[in-house]
Every structure is written in C-alpha cells, then in structure tokens.
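Novice: Before we start, here is the structure in question, set down as structure tokens.
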Amino acid sequence: MKVHQVICASGLFQGLPEHQISEIVDIAIERTYGKGESIFFEGDPGHGFYMVGEGKVKIFKMSLGGKEQILHIFGEGEPFGEVPVFHGQPFPASAETLAATKLLYFPRDKFVALVSRNPSIALNMLAVLSMRLRRFTMQIENLSLKEVPARLAGYILYLLEEQGREDSVELEISKGQLASLLGTIPETLSRIFARMTEEGLIEVVGRRINILDRRGLESK
C-alpha cells in the first residue's frame with residue numbers, strides 16, 4: 001500500500017497542498033487485517049479514525065436478538081469512524097473487514113492538532129460527512145418507507161451512479177451481505193432477484209448485474 005497515494009486520492013484530503021499532505025502522511029499508521037477481522041466494536045473508545053487503503057470494511061450494528069444490520073460498506077480511499085475524533089465519544093457501531101484489508105489509522109490527538117493548524121482539512125471533512133449523511137438518510141428512507149424490491153432497485157441504481165456505468169454494475173459484496181444492507185434475508189433477496197429477471201428488468205451473471213430496463217427499475 002502506497003500511503004501517500006491513498007491519502008492524495010481520498011476525497012477527505014483531495015486538493016490539499018503537498019506540505020499538508022506530507023503532515024498527514026507523517027501521522028498515518030498502517031494496519032493490516034485478514035478477512036472477517038474486527039477493527040472496533042460499538043462502544044469502544046474513539047481514539048482515532050481509519051481510512052481504507054486496500055480491501056473492504058463493513059460498519060454494522062447488532063440487535064439484541066443477534067440480527068446484523070449493515071449500515072455502510074467502505075472501500076479504498078474512504079474514511080470511517082471519523083465522527084468520534086471530534087466529539088470524543090465511543091464508536092456508535094462496529095467495524096469488520098470483508099476481505100484482506102490494509103488500513104491507515106489516524107490518532108485523534110495528532111489529527112486534531114493538524115486540523116487546528118490547517119482549517120482547510122476541516123472543510124474537506126465537512127464535505128465528506130455531508131455526503132455520508134445524504135447516503136444514510138437515503139438508507140433510512142429505503143428501510144422505513146419502501147418494500148424490499150424498491151430497496152434493491154434503488155441500490156442497483158445507486159451503484160450505477162457510484163461506479164459511473166450505463167447498463168451494468170458489479171456487486172462488491174456477497175448477496176448475504178447485500179441482504180443485511182437492505183434490511184432483509186438472503187432467501188427473500190434471491191426471490192426478488194429471480195422476479196426482476198423474469199420481468200426483464202435485469203440479468204444476473206455472477207456478481208455482475210446487467211440492467212435491461214432502467215425505467216422499470218426506477219418505477220419500483
């Protein structure tokens with residue numbers, strides 16, 4: 001993992017001058033995890049935040065009954081766990097790797113000192129957090145107001161925008177994890193995939209989903 005390259009490519013630090021990037025590189029600590037390893041648990045003290053260098057990380061909460069609800073999935077260049085850096089509270093959810101993963105860890109005390117010297121970093125963080133809030137608001141709306149087929153259709157359309165494609169997307173998580181993200185169970189999700197295929201809306205080839213009828217998806 002090239003630390004300087006990961007930091008420069010991240011939306012969190014994009015556009016910063018080289019001397020500020022160098023200061024950020026200096027405080028970053030590299031950490032390596034295997035697939036399925038815990039990074040932190042809900043309630044752990046937030047002494048710093050992370051950025052994905054390679055791999056995938058899921059942020060999730062567990063119900064009292066042991067049901068997992070995935071809140072976010074983060075990939076290369078995306079920060080997570082950054083809110084506790086500013087309010088000093090424990091992590092509000094848990095984090096676990098979905099693949100072999102390399103992370104950058106930014107200690108709270110050193111990062112806050114850095115931001116106090118370079119306020120432009122804080123502006124970048126506001127932009128990233130605003131985007132995160134928009135995604136989270138959409139997820140809450142999907143889970144509370146829409147049926148599962150509409151949630152899946154919305155997620156496929158979101159991936160089209162996220163991946164910059166016109167007529168196909170790649171699922172970067174398993175269908176079991178996607179079910180958790182959409183607030184359903186794998187069996188229900190499989191039935192909806194099959195129904196959408198029968199309706200001529202999509203074609204599923206492994207982890208690739210070909211969009212055959214975008215308007216049909218948008219009307220779900």
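Starting from 1 in every chain, residues are counted up; chains themselves are A, B, ... following the order of the structure tokens, and ligands are numbered from 1 as listed.
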Tell me, as a PDB file with N, CA and C atoms, in the first residue's frame, which residues lie within 12 Å of Leu201 in chain A, counting only C-alpha atoms; anything in the same chain fewer than 2 positions away does not count.
Specialist:
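Written out: out-v3.pdb:
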ATOM      1  N   PRO A 149     -38.307  -4.942  -2.845  1.00  0.00           N
ATOM      2  CA  PRO A 149     -37.981  -4.780  -4.271  1.00  0.00           C
ATOM      3  C   PRO A 149     -37.546  -3.354  -4.621  1.00  0.00           C
ATOM      4  N   LEU A 152     -33.979  -2.809  -3.375  1.00  0.00           N
ATOM      5  CA  LEU A 152     -32.981  -3.412  -4.253  1.00  0.00           C
ATOM      6  C   LEU A 152     -32.822  -2.595  -5.530  1.00  0.00           C
ATOM      7  N   ALA A 153     -33.934  -2.175  -6.115  1.00  0.00           N
ATOM      8  CA  ALA A 153     -33.873  -1.361  -7.333  1.00  0.00           C
ATOM      9  C   ALA A 153     -33.111  -0.072  -7.073  1.00  0.00           C
ATOM     10  N   ILE A 156     -29.344  -0.789  -6.837  1.00  0.00           N
ATOM     11  CA  ILE A 156     -28.746  -1.030  -8.155  1.00  0.00           C
ATOM     12  C   ILE A 156     -28.538   0.296  -8.886  1.00  0.00           C
ATOM     13  N   LEU A 157     -29.529   1.178  -8.820  1.00  0.00           N
ATOM     14  CA  LEU A 157     -29.414   2.491  -9.467  1.00  0.00           C
ATOM     15  C   LEU A 157     -28.329   3.339  -8.793  1.00  0.00           C
ATOM     16  N   ASP A 167     -25.088   0.563 -18.055  1.00  0.00           N
ATOM     17  CA  ASP A 167     -26.020  -0.560 -18.171  1.00  0.00           C
ATOM     18  C   ASP A 167     -25.620  -1.814 -17.402  1.00  0.00           C
ATOM     19  N   SER A 168     -24.637  -1.720 -16.526  1.00  0.00           N
ATOM     20  CA  SER A 168     -24.289  -2.872 -15.688  1.00  0.00           C
ATOM     21  C   SER A 168     -23.551  -2.397 -14.442  1.00  0.00           C
ATOM     22  N   ILE A 192     -36.456 -12.000  -5.049  1.00  0.00           N
ATOM     23  CA  ILE A 192     -36.650 -10.715  -5.741  1.00  0.00           C
ATOM     24  C   ILE A 192     -35.737 -10.624  -6.954  1.00  0.00           C
ATOM     25  N   PHE A 193     -34.502 -11.097  -6.830  1.00  0.00           N
ATOM     26  CA  PHE A 193     -33.609 -11.149  -7.998  1.00  0.00           C
ATOM     27  C   PHE A 193     -34.244 -11.987  -9.105  1.00  0.00           C
ATOM     28  N   ALA A 194     -34.801 -13.143  -8.733  1.00  0.00           N
ATOM     29  CA  ALA A 194     -35.419 -14.029  -9.721  1.00  0.00           C
ATOM     30  C   ALA A 194     -36.628 -13.353 -10.374  1.00  0.00           C
ATOM     31  N   ARG A 195     -37.437 -12.659  -9.568  1.00  0.00           N
ATOM     32  CA  ARG A 195     -38.625 -11.993 -10.105  1.00  0.00           C
ATOM     33  C   ARG A 195     -38.226 -10.865 -11.059  1.00  0.00           C
ATOM     34  N   MET A 196     -37.205 -10.082 -10.681  1.00  0.00           N
ATOM     35  CA  MET A 196     -36.757  -8.988 -11.552  1.00  0.00           C
ATOM     36  C   MET A 196     -36.194  -9.526 -12.865  1.00  0.00           C
ATOM     37  N   THR A 197     -35.570 -10.696 -12.794  1.00  0.00           N
ATOM     38  CA  THR A 197     -35.047 -11.332 -14.001  1.00  0.00           C
ATOM     39  C   THR A 197     -36.191 -11.769 -14.903  1.00  0.00           C
ATOM     40  N   GLU A 198     -37.220 -12.393 -14.302  1.00  0.00           N
ATOM     41  CA  GLU A 198     -38.387 -12.833 -15.061  1.00  0.00           C
ATOM     42  C   GLU A 198     -39.113 -11.651 -15.702  1.00  0.00           C
ATOM     43  N   GLU A 199     -39.124 -10.501 -15.018  1.00  0.00           N
ATOM     44  CA  GLU A 199     -39.804  -9.315 -15.527  1.00  0.00           C
ATOM     45  C   GLU A 199     -38.987  -8.589 -16.598  1.00  0.00           C
ATOM     46  N   GLU A 203     -30.417  -8.793 -15.637  1.00  0.00           N
ATOM     47  CA  GLU A 203     -29.821 -10.106 -15.901  1.00  0.00           C
ATOM     48  C   GLU A 203     -28.654 -10.248 -14.940  1.00  0.00           C
ATOM     49  N   VAL A 204     -28.641 -11.340 -14.179  1.00  0.00           N
ATOM     50  CA  VAL A 204     -27.589 -11.560 -13.186  1.00  0.00           C
ATOM     51  C   VAL A 204     -26.599 -12.580 -13.715  1.00  0.00           C
ATOM     52  N   ILE A 209     -24.532  -7.393 -12.586  1.00  0.00           N
ATOM     53  CA  ILE A 209     -25.959  -7.218 -12.855  1.00  0.00           C
ATOM     54  C   ILE A 209     -26.093  -6.336 -14.093  1.00  0.00           C
ATOM     55  N   ASN A 210     -26.644  -6.901 -15.157  1.00  0.00           N
ATOM     56  CA  ASN A 210     -26.902  -6.134 -16.375  1.00  0.00           C
ATOM     57  C   ASN A 210     -28.288  -5.508 -16.274  1.00  0.00           C
ATOM     58  N   ILE A 211     -28.380  -4.213 -16.491  1.00  0.00           N
ATOM     59  CA  ILE A 211     -29.662  -3.509 -16.415  1.00  0.00           C
ATOM     60  C   ILE A 211     -30.297  -3.524 -17.801  1.00  0.00           C
ATOM     61  N   LEU A 212     -31.429  -4.201 -17.916  1.00  0.00           N
ATOM     62  CA  LEU A 212     -32.120  -4.345 -19.198  1.00  0.00           C
ATOM     63  C   LEU A 212     -33.239  -3.314 -19.355  1.00  0.00           C
ATOM     64  N   ASP A 213     -33.808  -2.874 -18.238  1.00  0.00           N
ATOM     65  CA  ASP A 213     -34.924  -1.923 -18.278  1.00  0.00           C
ATOM     66  C   ASP A 213     -34.762  -0.934 -17.121  1.00  0.00           C
ATOM     67  N   ARG A 214     -34.020   0.135 -17.390  1.00  0.00           N
ATOM     68  CA  ARG A 214     -33.750   1.113 -16.330  1.00  0.00           C
ATOM     69  C   ARG A 214     -35.028   1.800 -15.864  1.00  0.00           C
ATOM     70  N   ARG A 215     -35.902   2.146 -16.789  1.00  0.00           N
ATOM     71  CA  ARG A 215     -37.147   2.814 -16.405  1.00  0.00           C
ATOM     72  C   ARG A 215     -37.994   1.928 -15.517  1.00  0.00           C
ATOM     73  N   GLY A 216     -37.974   0.638 -15.830  1.00  0.00           N
ATOM     74  CA  GLY A 216     -38.707  -0.304 -14.996  1.00  0.00           C
ATOM     75  C   GLY A 216     -38.166  -0.336 -13.578  1.00  0.00           C
ATOM     76  N   LEU A 217     -36.834  -0.311 -13.444  1.00  0.00           N
ATOM     77  CA  LEU A 217     -36.236  -0.274 -12.112  1.00  0.00           C
ATOM     78  C   LEU A 217     -36.611   1.009 -11.387  1.00  0.00           C
ATOM     79  N   GLU A 218     -36.562   2.111 -12.099  1.00  0.00           N
ATOM     80  CA  GLU A 218     -36.855   3.416 -11.478  1.00  0.00           C
ATOM     81  C   GLU A 218     -38.301   3.505 -11.003  1.00  0.00           C
ATOM     82  N   SER A 219     -39.180   2.710 -11.607  1.00  0.00           N
ATOM     83  CA  SER A 219     -40.599   2.765 -11.226  1.00  0.00           C
ATOM     84  C   SER A 219     -40.933   1.851 -10.058  1.00  0.00           C
ATOM     85  N   LYS A 220     -39.970   1.061  -9.586  1.00  0.00           N
ATOM     86  CA  LYS A 220     -40.219   0.135  -8.476  1.00  0.00           C
ATOM     87  C   LYS A 220     -40.519   0.889  -7.180  1.00  0.00           C
TER      88      LYS A 220
END
Novice: Skipping near chain neighbours, those fewer than 6 positions away, what residues fall within 8 Å of Glu42 in chain A using only C-alpha atoms, listed as a ChimeraX atom specification?
Specialist: /A:61,90-94
Novice: Select, from A:Glu68, A:Glu54, A:Glu18, A:Glu82, the residue with the minimum atom-to-atom distance to Thr32 in chain A, counting only C-alpha atoms.
Specialist: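 The answer is A:Glu54, which sits nearest to Thr32 in chain A.
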Novice: Quick one: DSSP helix (DSSP H, G or I) residues in range 70-204 of chain A, as JSON, numbers by chain?
Specialist: {"A": [83, 84, 85, 86, 87, 108, 109, 110, 111, 112, 113, 114, 115, 116, 117, 119, 120, 121, 122, 123, 124, 125, 126, 127, 128, 129, 130, 131, 132, 133, 134, 135, 136, 137, 138, 139, 140, 141, 142, 143, 144, 145, 148, 149, 150, 151, 152, 153, 154, 155, 156, 157, 158, 159, 160, 161, 162, 163, 175, 176, 177, 178, 179, 180, 181, 186, 187, 188, 189, 190, 191, 192, 193, 194, 195, 196, 197, 198]}
Novice: Go ahead and compute the interatomic distance for CA of Ile202 in chain A and CA of Val169 in chain A, in Å to one decimal.
Specialist: 10.6 Å
Novice: With a distance cut-off of 10 Å and only C-alpha atoms, select the neighbouring residues of Glu37 in chain A, excluding the residue or stretch itself and same-chain residues fewer than 3 positions from it, and output the selection as a list in words.
Specialist: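 Answer for this query is Thr32, Tyr33, Gly34, Phe40, Val57, Ala95, Glu96, Thr97, Leu98, Ala99, Ala100 and Thr101 of chain A.
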Novice: Restricting it to N, CA and C atoms, dump the selection as a PDB file, in the first residue's frame.
Specialist:
ATOM      1  N   THR A  32      -2.818  -3.871   9.178  1.00  0.00           N
ATOM      2  CA  THR A  32      -3.218  -4.931   8.250  1.00  0.00           C
ATOM      3  C   THR A  32      -4.150  -5.914   8.958  1.00  0.00           C
ATOM      4  N   TYR A  33      -5.222  -6.305   8.257  1.00  0.00           N
ATOM      5  CA  TYR A  33      -6.218  -7.223   8.819  1.00  0.00           C
ATOM      6  C   TYR A  33      -6.524  -8.324   7.806  1.00  0.00           C
ATOM      7  N   GLY A  34      -6.855  -9.493   8.318  1.00  0.00           N
ATOM      8  CA  GLY A  34      -7.342 -10.570   7.465  1.00  0.00           C
ATOM      9  C   GLY A  34      -8.838 -10.442   7.247  1.00  0.00           C
ATOM     10  N   PHE A  40     -13.080  -2.497  15.315  1.00  0.00           N
ATOM     11  CA  PHE A  40     -13.534  -1.992  16.608  1.00  0.00           C
ATOM     12  C   PHE A  40     -14.979  -2.421  16.817  1.00  0.00           C
ATOM     13  N   VAL A  57     -14.516  -2.761   4.144  1.00  0.00           N
ATOM     14  CA  VAL A  57     -14.888  -2.760   5.558  1.00  0.00           C
ATOM     15  C   VAL A  57     -16.385  -2.521   5.677  1.00  0.00           C
ATOM     16  N   ALA A  95     -17.063  -2.311  13.360  1.00  0.00           N
ATOM     17  CA  ALA A  95     -16.432  -2.379  12.035  1.00  0.00           C
ATOM     18  C   ALA A  95     -15.701  -3.705  11.887  1.00  0.00           C
ATOM     19  N   GLU A  96     -15.840  -4.311  10.693  1.00  0.00           N
ATOM     20  CA  GLU A  96     -15.215  -5.604  10.420  1.00  0.00           C
ATOM     21  C   GLU A  96     -14.809  -5.658   8.953  1.00  0.00           C
ATOM     22  N   THR A  97     -13.722  -6.332   8.665  1.00  0.00           N
ATOM     23  CA  THR A  97     -13.257  -6.432   7.279  1.00  0.00           C
ATOM     24  C   THR A  97     -14.077  -7.460   6.496  1.00  0.00           C
ATOM     25  N   LEU A  98     -14.272  -7.190   5.222  1.00  0.00           N
ATOM     26  CA  LEU A  98     -14.960  -8.128   4.329  1.00  0.00           C
ATOM     27  C   LEU A  98     -13.973  -8.878   3.442  1.00  0.00           C
ATOM     28  N   ALA A  99     -12.720  -8.463   3.498  1.00  0.00           N
ATOM     29  CA  ALA A  99     -11.651  -9.089   2.711  1.00  0.00           C
ATOM     30  C   ALA A  99     -10.335  -8.755   3.410  1.00  0.00           C
ATOM     31  N   ALA A 100      -9.247  -9.337   2.939  1.00  0.00           N
ATOM     32  CA  ALA A 100      -7.939  -8.932   3.449  1.00  0.00           C
ATOM     33  C   ALA A 100      -7.805  -7.427   3.210  1.00  0.00           C
ATOM     34  N   THR A 101      -7.480  -6.690   4.258  1.00  0.00           N
ATOM     35  CA  THR A 101      -7.590  -5.233   4.207  1.00  0.00           C
ATOM     36  C   THR A 101      -6.384  -4.552   4.826  1.00  0.00           C
TER      37      THR A 101
END
Novice: Quick one: residues within 12 Å of Thr188 in chain A, only C-alpha atoms, excluding same-chain residues fewer than 2 positions away - as a list in words?
Specialist: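 In the requested form, the answer reads Glu147, Val148, Pro149, Leu152, Lys175, Gly176, Leu178, Ala179, Ser180, Leu182, Gly183, Thr184, Ile185, Pro186, Ser190, Arg191, Ile192, Phe193, Ala194 and Arg195 of chain A.
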Novice: Next, dump the selected residues to file, keeping only N, CA, C and O atoms, as an mmCIF file, in the first residue's frame.
Specialist:
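Dumped to result-v9.cif:
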data_model
loop_
_atom_site.group_PDB
_atom_site.id
_atom_site.type_symbol
_atom_site.label_atom_id
_atom_site.label_comp_id
_atom_site.auth_asym_id
_atom_site.auth_seq_id
_atom_site.Cartn_x
_atom_site.Cartn_y
_atom_site.Cartn_z
ATOM 1 N N GLU A 147 -40.711 -1.046 0.139
ATOM 2 C CA GLU A 147 -40.666 -2.504 0.206
ATOM 3 C C GLU A 147 -39.320 -2.980 -0.343
ATOM 4 O O GLU A 147 -38.598 -2.230 -1.024
ATOM 5 N N VAL A 148 -38.998 -4.250 -0.068
ATOM 6 C CA VAL A 148 -37.672 -4.776 -0.430
ATOM 7 C C VAL A 148 -37.366 -4.661 -1.927
ATOM 8 O O VAL A 148 -36.249 -4.283 -2.296
ATOM 9 N N PRO A 149 -38.307 -4.942 -2.845
ATOM 10 C CA PRO A 149 -37.981 -4.780 -4.271
ATOM 11 C C PRO A 149 -37.546 -3.354 -4.621
ATOM 12 O O PRO A 149 -36.607 -3.162 -5.406
ATOM 13 N N LEU A 152 -33.979 -2.809 -3.375
ATOM 14 C CA LEU A 152 -32.981 -3.412 -4.253
ATOM 15 C C LEU A 152 -32.822 -2.595 -5.530
ATOM 16 O O LEU A 152 -31.697 -2.332 -5.974
ATOM 17 N N LYS A 175 -24.261 -11.686 -1.626
ATOM 18 C CA LYS A 175 -25.706 -11.450 -1.581
ATOM 19 C C LYS A 175 -26.231 -11.508 -0.149
ATOM 20 O O LYS A 175 -27.214 -10.849 0.188
ATOM 21 N N GLY A 176 -25.554 -12.271 0.702
ATOM 22 C CA GLY A 176 -25.927 -12.289 2.119
ATOM 23 C C GLY A 176 -25.683 -10.941 2.771
ATOM 24 O O GLY A 176 -26.503 -10.444 3.548
ATOM 25 N N LEU A 178 -25.499 -8.115 1.118
ATOM 26 C CA LEU A 178 -26.428 -7.178 0.493
ATOM 27 C C LEU A 178 -27.794 -7.270 1.161
ATOM 28 O O LEU A 178 -28.455 -6.244 1.389
ATOM 29 N N ALA A 179 -28.216 -8.481 1.501
ATOM 30 C CA ALA A 179 -29.494 -8.649 2.193
ATOM 31 C C ALA A 179 -29.488 -7.903 3.522
ATOM 32 O O ALA A 179 -30.451 -7.210 3.871
ATOM 33 N N SER A 180 -28.387 -8.015 4.256
ATOM 34 C CA SER A 180 -28.271 -7.304 5.534
ATOM 35 C C SER A 180 -28.304 -5.797 5.331
ATOM 36 O O SER A 180 -28.936 -5.061 6.091
ATOM 37 N N LEU A 182 -29.817 -4.214 3.011
ATOM 38 C CA LEU A 182 -31.156 -3.799 2.596
ATOM 39 C C LEU A 182 -32.229 -4.142 3.626
ATOM 40 O O LEU A 182 -33.418 -3.912 3.387
ATOM 41 N N GLY A 183 -31.802 -4.704 4.755
ATOM 42 C CA GLY A 183 -32.753 -5.000 5.825
ATOM 43 C C GLY A 183 -33.681 -6.159 5.527
ATOM 44 O O GLY A 183 -34.861 -6.139 5.891
ATOM 45 N N THR A 184 -33.162 -7.214 4.881
ATOM 46 C CA THR A 184 -33.977 -8.390 4.584
ATOM 47 C C THR A 184 -33.142 -9.642 4.818
ATOM 48 O O THR A 184 -32.068 -9.572 5.414
ATOM 49 N N ILE A 185 -33.629 -10.783 4.333
ATOM 50 C CA ILE A 185 -32.900 -12.036 4.491
ATOM 51 C C ILE A 185 -32.503 -12.552 3.099
ATOM 52 O O ILE A 185 -33.148 -12.210 2.099
ATOM 53 N N PRO A 186 -31.448 -13.380 3.017
ATOM 54 C CA PRO A 186 -30.965 -13.843 1.712
ATOM 55 C C PRO A 186 -32.026 -14.535 0.861
ATOM 56 O O PRO A 186 -32.061 -14.358 -0.365
ATOM 57 N N SER A 190 -33.059 -13.405 -2.886
ATOM 58 C CA SER A 190 -32.924 -14.304 -4.042
ATOM 59 C C SER A 190 -34.225 -14.357 -4.838
ATOM 60 O O SER A 190 -34.210 -14.361 -6.077
ATOM 61 N N ARG A 191 -35.359 -14.387 -4.132
ATOM 62 C CA ARG A 191 -36.655 -14.420 -4.826
ATOM 63 C C ARG A 191 -36.874 -13.132 -5.623
ATOM 64 O O ARG A 191 -37.398 -13.158 -6.741
ATOM 65 N N ILE A 192 -36.456 -12.000 -5.049
ATOM 66 C CA ILE A 192 -36.650 -10.715 -5.741
ATOM 67 C C ILE A 192 -35.737 -10.624 -6.954
ATOM 68 O O ILE A 192 -36.147 -10.141 -8.017
ATOM 69 N N PHE A 193 -34.502 -11.097 -6.830
ATOM 70 C CA PHE A 193 -33.609 -11.149 -7.998
ATOM 71 C C PHE A 193 -34.244 -11.987 -9.105
ATOM 72 O O PHE A 193 -34.227 -11.603 -10.285
ATOM 73 N N ALA A 194 -34.801 -13.143 -8.733
ATOM 74 C CA ALA A 194 -35.419 -14.029 -9.721
ATOM 75 C C ALA A 194 -36.628 -13.353 -10.374
ATOM 76 O O ALA A 194 -36.822 -13.445 -11.594
ATOM 77 N N ARG A 195 -37.437 -12.659 -9.568
ATOM 78 C CA ARG A 195 -38.625 -11.993 -10.105
ATOM 79 C C ARG A 195 -38.226 -10.865 -11.059
ATOM 80 O O ARG A 195 -38.827 -10.700 -12.124
#
Novice: If you run DSSP on this backbone, which residues of range 43-73 of chain A come out as strand (DSSP E), and could you give them as an MDAnalysis selection string?
Specialist: chainID A and resid 48:54 57:62 68:73
Novice: Generate the output file for the selected residues, C-alpha atoms, as a JSON list (two decimals), in the first residue's frame.
Specialist:
[["chain", "number", "residue", "atom", "x", "y", "z"],
["A", 48, "GLY", "CA", -8.75, 7.85, 16.22],
["A", 49, "PHE", "CA", -10.27, 7.10, 12.83],
["A", 50, "TYR", "CA", -9.43, 4.95, 9.83],
["A", 51, "MET", "CA", -9.14, 5.05, 6.06],
["A", 52, "VAL", "CA", -9.29, 2.03, 3.74],
["A", 53, "GLY", "CA", -6.08, 1.60, 1.76],
["A", 54, "GLU", "CA", -6.96, -1.79, 0.26],
["A", 57, "VAL", "CA", -14.89, -2.76, 5.56],
["A", 58, "LYS", "CA", -18.46, -3.05, 6.79],
["A", 59, "ILE", "CA", -19.95, -0.87, 9.53],
["A", 60, "PHE", "CA", -22.81, -2.60, 11.32],
["A", 61, "LYS", "CA", -24.96, -2.85, 14.42],
["A", 62, "MET", "CA", -26.26, -5.99, 16.12],
["A", 68, "GLU", "CA", -26.92, -7.87, 11.94],
["A", 69, "GLN", "CA", -27.80, -4.64, 10.15],
["A", 70, "ILE", "CA", -25.10, -3.33, 7.83],
["A", 71, "LEU", "CA", -25.04, 0.48, 7.82],
["A", 72, "HIS", "CA", -22.20, 1.21, 5.39],
["A", 73, "ILE", "CA", -19.60, -0.57, 3.29]]
Novice: Ranking A:Lys102, A:Arg151, A:Arg165, A:His87 by minimum distance to Gly46 in chain A and counting only C-alpha atoms, which one comes first?
Specialist: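 Going through A:Lys102, A:Arg151, A:Arg165, A:His87 one by one, the smallest distance to Gly46 in chain A is for A:His87.
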Novice: What is the CA of Leu12 in chain A to CA of Pro107 in chain A distance in Å?
Specialist: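 One can read the CA of Leu12 in chain A to CA of Pro107 in chain A distance as 15.7 Å.
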Novice: Find the residues near Ile24 in chain A: any atom within 8 Å, counting only C-alpha atoms, skip ones fewer than 2 places away on the same chain, and give them as a VMD selection string.
Specialist: chain A and resid 7 20 to 22 26 to 28 111 114
